[in-house]
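Structure data follow from upload_39.pdb (PDB, C-alpha atoms):
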```
MODEL        1
ATOM      1  CA  MET T   1     -29.006   8.801  37.669
ATOM      2  CA  ARG T   2     -25.550  10.410  37.955
ATOM      3  CA  LYS T   3     -23.925   7.001  37.597
ATOM      4  CA  MET T   4     -25.964   6.323  34.465
ATOM      5  CA  ILE T   5     -25.004   9.692  32.917
ATOM      6  CA  ALA T   6     -21.358   9.188  33.880
ATOM      7  CA  GLY T   7     -21.477   5.682  32.394
ATOM      8  CA  LEU T   8     -22.974   6.965  29.139
ATOM      9  CA  ALA T   9     -20.376   9.726  28.949
ATOM     10  CA  ALA T  10     -17.574   7.230  29.536
ATOM     11  CA  ALA T  11     -19.005   4.854  26.916
ATOM     12  CA  THR T  12     -19.250   7.716  24.413
ATOM     13  CA  LEU T  13     -15.677   8.778  25.149
ATOM     14  CA  ILE T  14     -14.378   5.210  24.809
ATOM     15  CA  SER T  15     -16.335   4.751  21.582
ATOM     16  CA  THR T  16     -14.888   7.982  20.199
ATOM     17  CA  PHE T  17     -11.327   6.955  21.028
ATOM     18  CA  ALA T  18     -11.870   3.435  19.686
ATOM     19  CA  GLY T  19     -13.228   4.887  16.445
ATOM     20  CA  ALA T  20     -10.208   7.178  16.179
ATOM     21  CA  ALA T  21      -7.860   4.248  16.739
ATOM     22  CA  MET T  22      -9.624   2.232  14.059
ATOM     23  CA  ALA T  23      -9.520   5.129  11.602
ATOM     24  CA  ALA T  24      -5.765   5.530  12.126
ATOM     25  CA  ASP T  25      -5.295   2.014  10.738
ATOM     26  CA  THR T  26      -6.387   2.951   7.199
ATOM     27  CA  LEU T  27      -4.840   4.702   4.221
ATOM     28  CA  THR T  28      -6.948   6.086   1.380
ATOM     29  CA  PHE T  29      -5.038   6.421  -1.866
ATOM     30  CA  ASN T  30      -6.590   8.939  -4.247
ATOM     31  CA  THR T  31      -5.444   7.886  -7.714
ATOM     32  CA  THR T  32      -6.002   8.958 -11.297
ATOM     33  CA  GLU T  33      -8.523   6.083 -11.475
ATOM     34  CA  GLY T  34     -10.325   6.908  -8.211
ATOM     35  CA  PRO T  35      -9.753   6.183  -4.512
ATOM     36  CA  PHE T  36      -9.091   2.920  -2.728
ATOM     37  CA  THR T  37      -8.672   2.306   0.997
ATOM     38  CA  ILE T  38      -6.265  -0.096   2.657
ATOM     39  CA  GLU T  39      -6.694  -1.384   6.187
ATOM     40  CA  LEU T  40      -3.190  -1.835   7.601
ATOM     41  CA  PHE T  41      -2.349  -5.044   9.477
ATOM     42  CA  GLU T  42      -0.070  -3.364  12.009
ATOM     43  CA  ASP T  43      -0.223  -6.384  14.309
ATOM     44  CA  LEU T  44       1.108  -8.744  11.597
ATOM     45  CA  ALA T  45       3.795  -6.506  10.120
ATOM     46  CA  PRO T  46       4.415  -3.639  12.545
ATOM     47  CA  GLN T  47       7.623  -2.301  10.979
ATOM     48  CA  ASN T  48       6.504  -2.561   7.356
ATOM     49  CA  ALA T  49       2.995  -1.175   7.995
ATOM     50  CA  ALA T  50       4.477   1.676  10.049
ATOM     51  CA  ARG T  51       6.860   2.541   7.199
ATOM     52  CA  VAL T  52       4.092   2.807   4.599
ATOM     53  CA  LYS T  53       1.968   4.825   7.019
ATOM     54  CA  ALA T  54       4.874   7.186   7.828
ATOM     55  CA  LEU T  55       5.654   7.745   4.141
ATOM     56  CA  ALA T  56       1.958   8.404   3.487
ATOM     57  CA  GLU T  57       1.799  10.893   6.368
ATOM     58  CA  GLU T  58       4.761  12.873   5.012
ATOM     59  CA  GLY T  59       3.288  12.949   1.486
ATOM     60  CA  ALA T  60       6.040  10.799  -0.021
ATOM     61  CA  TYR T  61       3.533   8.785  -2.086
ATOM     62  CA  ASP T  62       1.928  11.870  -3.654
ATOM     63  CA  ASN T  63       2.338  11.761  -7.464
ATOM     64  CA  VAL T  64       4.015   8.327  -7.436
ATOM     65  CA  VAL T  65       3.199   6.085 -10.412
ATOM     66  CA  PHE T  66       2.007   2.502 -10.643
ATOM     67  CA  HIS T  67       5.117   1.491 -12.565
ATOM     68  CA  ARG T  68       4.482  -2.268 -12.792
ATOM     69  CA  VAL T  69       0.981  -3.616 -13.335
ATOM     70  CA  ILE T  70       0.444  -7.173 -14.517
ATOM     71  CA  ASP T  71      -3.074  -8.114 -15.632
ATOM     72  CA  GLY T  72      -4.401 -10.971 -13.512
ATOM     73  CA  PHE T  73      -1.616 -10.573 -10.950
ATOM     74  CA  MET T  74      -0.866  -7.260  -9.189
ATOM     75  CA  ALA T  75      -0.389  -3.462  -9.345
ATOM     76  CA  GLN T  76       2.899  -2.154  -7.904
ATOM     77  CA  THR T  77       3.722   1.385  -6.771
ATOM     78  CA  GLY T  78       5.616   3.205  -4.030
ATOM     79  CA  ASP T  79       8.970   4.059  -5.605
ATOM     80  CA  VAL T  80       9.295   7.466  -3.967
ATOM     81  CA  GLN T  81      12.797   7.940  -5.411
ATOM     82  CA  PHE T  82      12.205   7.443  -9.152
ATOM     83  CA  GLY T  83       8.405   7.167  -9.412
ATOM     84  CA  ASP T  84       7.369  10.650  -8.245
ATOM     85  CA  THR T  85       6.184  12.515 -11.353
ATOM     86  CA  GLU T  86       6.984  15.858  -9.717
ATOM     87  CA  ASP T  87      10.341  15.048  -8.110
ATOM     88  CA  GLY T  88      13.010  12.707  -9.495
ATOM     89  CA  TYR T  89      10.743  10.916 -11.986
ATOM     90  CA  ASP T  90      12.519   8.505 -14.289
ATOM     91  CA  LEU T  91      10.203   5.995 -15.978
ATOM     92  CA  ASN T  92      13.165   3.798 -16.929
ATOM     93  CA  ARG T  93      14.285   3.553 -13.280
ATOM     94  CA  ALA T  94      10.852   3.507 -11.617
ATOM     95  CA  GLY T  95      10.739   0.367  -9.505
ATOM     96  CA  MET T  96      14.445   0.440  -8.668
ATOM     97  CA  GLY T  97      14.292   3.004  -5.883
ATOM     98  CA  GLY T  98      13.019   3.359  -2.361
ATOM     99  CA  SER T  99      13.008   5.963   0.367
ATOM    100  CA  ASP T 100      15.848   7.557   2.337
ATOM    101  CA  MET T 101      15.105   5.141   5.184
ATOM    102  CA  PRO T 102      16.892   1.801   5.634
ATOM    103  CA  ASP T 103      15.473  -1.423   4.238
ATOM    104  CA  LEU T 104      13.136  -3.418   6.460
ATOM    105  CA  PRO T 105      13.278  -6.988   7.745
ATOM    106  CA  ALA T 106      10.704  -9.437   6.399
ATOM    107  CA  GLU T 107       7.639  -9.905   8.594
ATOM    108  CA  PHE T 108       6.093 -13.015   7.049
ATOM    109  CA  SER T 109       2.692 -14.257   8.203
ATOM    110  CA  ASP T 110       0.138 -16.928   7.362
ATOM    111  CA  VAL T 111      -2.144 -14.427   5.597
ATOM    112  CA  PRO T 112      -2.604 -15.671   2.029
ATOM    113  CA  PHE T 113      -2.032 -13.463  -0.999
ATOM    114  CA  LYS T 114      -5.612 -13.286  -2.213
ATOM    115  CA  ARG T 115      -7.268 -10.606  -4.336
ATOM    116  CA  GLY T 116      -7.049  -7.220  -2.564
ATOM    117  CA  VAL T 117      -4.180  -8.145  -0.226
ATOM    118  CA  VAL T 118      -1.338  -5.609  -0.066
ATOM    119  CA  GLY T 119       2.252  -6.805   0.158
ATOM    120  CA  MET T 120       5.659  -5.169   0.370
ATOM    121  CA  ALA T 121       7.748  -5.323  -2.788
ATOM    122  CA  ARG T 122      11.385  -6.305  -2.364
ATOM    123  CA  ALA T 123      14.489  -7.451  -4.209
ATOM    124  CA  GLN T 124      15.712 -11.055  -3.944
ATOM    125  CA  ASP T 125      16.831 -10.464  -0.362
ATOM    126  CA  PRO T 126      13.731 -11.033   1.825
ATOM    127  CA  ASN T 127      14.951  -8.199   4.079
ATOM    128  CA  SER T 128      15.038  -5.546   1.344
ATOM    129  CA  ALA T 129      11.524  -4.045   1.468
ATOM    130  CA  ASN T 130      11.573  -0.266   1.718
ATOM    131  CA  SER T 131       8.776   1.897   0.275
ATOM    132  CA  GLN T 132       7.271  -0.077  -2.590
ATOM    133  CA  PHE T 133       4.156  -2.179  -2.253
ATOM    134  CA  PHE T 134       1.695  -4.034  -4.459
ATOM    135  CA  VAL T 135      -2.025  -4.799  -4.491
ATOM    136  CA  MET T 136      -3.122  -8.226  -5.642
ATOM    137  CA  LEU T 137      -5.511  -8.125  -8.617
ATOM    138  CA  GLU T 138      -6.126 -11.892  -8.322
ATOM    139  CA  ASP T 139      -5.168 -14.634  -5.878
ATOM    140  CA  GLY T 140      -1.438 -15.453  -5.876
ATOM    141  CA  PRO T 141      -0.830 -18.395  -3.508
ATOM    142  CA  PHE T 142       2.712 -18.822  -4.861
ATOM    143  CA  LEU T 143       3.610 -15.630  -2.917
ATOM    144  CA  ASN T 144       2.401 -16.990   0.440
ATOM    145  CA  GLY T 145       5.154 -16.870   3.049
ATOM    146  CA  GLN T 146       7.534 -15.179   0.582
ATOM    147  CA  TYR T 147       6.502 -11.524   0.950
ATOM    148  CA  THR T 148       5.323  -9.383   3.848
ATOM    149  CA  VAL T 149       1.561  -8.742   3.965
ATOM    150  CA  ILE T 150       0.817  -5.233   5.279
ATOM    151  CA  GLY T 151      -2.916  -4.939   4.694
ATOM    152  CA  GLU T 152      -5.932  -5.382   2.488
ATOM    153  CA  VAL T 153      -8.086  -3.180   0.271
ATOM    154  CA  VAL T 154     -11.381  -2.655   2.111
ATOM    155  CA  ASP T 155     -12.937  -0.175  -0.319
ATOM    156  CA  GLY T 156     -12.380   0.846  -3.935
ATOM    157  CA  MET T 157     -11.029  -2.394  -5.390
ATOM    158  CA  ASP T 158     -12.961  -1.529  -8.563
ATOM    159  CA  ASN T 159     -10.663   1.497  -8.917
ATOM    160  CA  VAL T 160      -7.561  -0.649  -8.440
ATOM    161  CA  ASP T 161      -8.866  -2.835 -11.278
ATOM    162  CA  LYS T 162      -8.978   0.245 -13.555
ATOM    163  CA  ILE T 163      -5.249   1.037 -13.157
ATOM    164  CA  LYS T 164      -3.467   0.837 -16.527
ATOM    165  CA  LYS T 165      -1.889  -2.539 -17.160
ATOM    166  CA  GLY T 166       1.675  -2.849 -18.343
ATOM    167  CA  ASP T 167       3.295  -4.765 -21.159
ATOM    168  CA  GLN T 168       3.393  -8.489 -20.350
ATOM    169  CA  ALA T 169       6.568  -8.853 -22.445
ATOM    170  CA  GLN T 170       8.261  -6.231 -20.241
ATOM    171  CA  ASN T 171       7.216  -7.750 -16.894
ATOM    172  CA  GLY T 172       4.301  -5.340 -16.501
ATOM    173  CA  LYS T 173       6.180  -2.090 -17.135
ATOM    174  CA  VAL T 174       3.627   0.663 -17.783
ATOM    175  CA  SER T 175       4.556   3.213 -20.460
ATOM    176  CA  ASP T 176       2.011   5.909 -19.490
ATOM    177  CA  PRO T 177       1.256   4.982 -15.866
ATOM    178  CA  ASP T 178      -1.559   5.982 -13.575
ATOM    179  CA  ARG T 179      -0.448   7.545 -10.311
ATOM    180  CA  ILE T 180      -1.321   8.224  -6.716
ATOM    181  CA  LEU T 181      -2.512  11.815  -6.387
ATOM    182  CA  ASP T 182      -2.344  11.897  -2.594
ATOM    183  CA  VAL T 183      -2.964   9.747   0.486
ATOM    184  CA  THR T 184      -5.240  10.346   3.444
ATOM    185  CA  VAL T 185      -4.280   8.653   6.699
ATOM    186  CA  GLY T 186      -7.044   7.445   8.993
ATOM    187  CA  GLN T 187     -10.047   8.221   6.820
TER     188      GLN T 187
ENDMDL
END
```
Could you take the file, read its structure, and then write that structure out as structure tokens?
Amino acid sequence: MRKMIAGLAAATLISTFAGAAMAADTLTFNTTEGPFTIELFEDLAPQNAARVKALAEEGAYDNVVFHRVIDGFMAQTGDVQFGDTEDGYDLNRAGMGGSDMPDLPAEFSDVPFKRGVVGMARAQDPNSANSQFFVMLEDGPFLNGQYTVIGEVVDGMDNVDKIKKGDQAQNGKVSDPDRILDVTVGQ
């Protein structure tokens, strides 16, 4: 009987820790259009996923706008330098900044850029990702192997779809953008 009780206690403890580990692999973005949750692929892109998670934990994404949203393609955010509506906001420069941390190396994988996949935004240099990321609104196979995949939306994609779209003639620039209100790590 003692062995059975000890076994049940150990199983409960392991289950609790496993659940906590799983929960730590998600980020819930509360936005002006409602929440969405990303499951991070830390095994595929450990440095890039860790960066987004660290910035989320420190509140760097709070009040950051979706500065570039292209209907039928993707919604981009994460410019913590120029996209924060409460600190350093400059709509004309949103999308040109990053964080105070150094740029990251590309961590390409075979995961396809399908609807809901989250990738790291970058300049022409594949090793220039920093803080910005995008969520695919539709499949984009032309991005496969060209950008680092860091995760996938597992809940709230309907809210991502509601994010204000930008002007097609201006490469998706949004004049009155929606924003991230705050981010919850591991929930």
So what does the PyMOL selection byres ((chain T and resi 121-134) around 6) actually pick up in this one, as a ChimeraX atom specification? /T:75-79,98-99,103-106,118-120,135
Atom-to-atom span, atom CA of T:Pro102 and atom CA of T:Tyr147, Å: 17.5 Å
Taken to one decimal, the atom CA of T:Asn144-atom CA of T:Val111 distance is 7.3 Å
Given the PyMOL selection byres ((chain T and resi 46) around 12), the residues it picks as an mmCIF file with C-alpha atoms, in the coordinates of the input:
```
data_model
loop_
_atom_site.group_PDB
_atom_site.id
_atom_site.type_symbol
_atom_site.label_atom_id
_atom_site.label_comp_id
_atom_site.auth_asym_id
_atom_site.auth_seq_id
_atom_site.Cartn_x
_atom_site.Cartn_y
_atom_site.Cartn_z
ATOM 1 C CA ASP T 25 -5.295 2.014 10.738
ATOM 2 C CA LEU T 40 -3.190 -1.835 7.601
ATOM 3 C CA PHE T 41 -2.349 -5.044 9.477
ATOM 4 C CA GLU T 42 -0.070 -3.364 12.009
ATOM 5 C CA ASP T 43 -0.223 -6.384 14.309
ATOM 6 C CA LEU T 44 1.108 -8.744 11.597
ATOM 7 C CA ALA T 45 3.795 -6.506 10.120
ATOM 8 C CA GLN T 47 7.623 -2.301 10.979
ATOM 9 C CA ASN T 48 6.504 -2.561 7.356
ATOM 10 C CA ALA T 49 2.995 -1.175 7.995
ATOM 11 C CA ALA T 50 4.477 1.676 10.049
ATOM 12 C CA ARG T 51 6.860 2.541 7.199
ATOM 13 C CA VAL T 52 4.092 2.807 4.599
ATOM 14 C CA LYS T 53 1.968 4.825 7.019
ATOM 15 C CA ALA T 54 4.874 7.186 7.828
ATOM 16 C CA LEU T 104 13.136 -3.418 6.460
ATOM 17 C CA PRO T 105 13.278 -6.988 7.745
ATOM 18 C CA ALA T 106 10.704 -9.437 6.399
ATOM 19 C CA GLU T 107 7.639 -9.905 8.594
ATOM 20 C CA PHE T 108 6.093 -13.015 7.049
ATOM 21 C CA SER T 109 2.692 -14.257 8.203
ATOM 22 C CA THR T 148 5.323 -9.383 3.848
ATOM 23 C CA VAL T 149 1.561 -8.742 3.965
ATOM 24 C CA ILE T 150 0.817 -5.233 5.279
ATOM 25 C CA GLY T 151 -2.916 -4.939 4.694
#
```
Can you tell me which residues surround T:Asp155 at a distance of at most 10 Å, considering only C-alpha atoms, apart from same-chain residues fewer than 3 positions away, and format the answer as a PyMOL selection string? chain T and resi 28+35-39+116+152+158-160
Between atom CA of T:Phe113 and atom CA of T:Met101, distance in Å (one decimal):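 Between atom CA of T:Phe113 and atom CA of T:Met101 the gap is 26.0 Å.
For the structure shown here, the set of residues caught by the PyMOL selection byres ((chain T and resi 167) around 12) is His67, Arg68, Val69, Ile70, Asp71, Lys164, Lys165, Gly166, Gln168, Ala169, Gln170, Asn171, Gly172, Lys173, Val174, Ser175, Asp176 and Pro177 of chain T.
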Which of these residues is nearest to T:Asp100, using all atoms listed in the file: T:Gly186, T:Leu55, T:Leu181, T:Thr85? T:Leu55
Could you name the residues that touch stretch 92-97 of chain T at 6 Å or less, counting all atoms listed in the file, but leaving out those on the same chain fewer than 2 positions away, as number ranges by chain? T: 79, 81-83, 90
Among the residues T:Val185, T:Ile163, T:Ile180, T:Val154, the one that comes closest to T:Asn63 [using only C-alpha atoms]: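 Looking only at the distances to T:Asn63, the closest residue turns out to be T:Ile180.
Non-sequential neighbours of T:Thr184 (distance at most 10 Å, separation of 4 or more positions within a chain, all atoms listed in the file) are Ala24, Thr26, Leu27, Thr28, Phe29, Asn30, Thr37, Lys53, Ala56, Glu57 and Gly59 of chain T.
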Got a sec: who's within 10 Å of T:Pro112, counting only C-alpha atoms, leaving out chain neighbours fewer than 5 positions off, as number ranges by chain? T: 117, 139-145, 149
Any chance you could export the current selection's C-alpha atoms as an mmCIF file, in the coordinates of the input?
```
data_model
loop_
_atom_site.group_PDB
_atom_site.id
_atom_site.type_symbol
_atom_site.label_atom_id
_atom_site.label_comp_id
_atom_site.auth_asym_id
_atom_site.auth_seq_id
_atom_site.Cartn_x
_atom_site.Cartn_y
_atom_site.Cartn_z
ATOM 1 C CA VAL T 117 -4.180 -8.145 -0.226
ATOM 2 C CA ASP T 139 -5.168 -14.634 -5.878
ATOM 3 C CA GLY T 140 -1.438 -15.453 -5.876
ATOM 4 C CA PRO T 141 -0.830 -18.395 -3.508
ATOM 5 C CA PHE T 142 2.712 -18.822 -4.861
ATOM 6 C CA LEU T 143 3.610 -15.630 -2.917
ATOM 7 C CA ASN T 144 2.401 -16.990 0.440
ATOM 8 C CA GLY T 145 5.154 -16.870 3.049
ATOM 9 C CA VAL T 149 1.561 -8.742 3.965
#
```
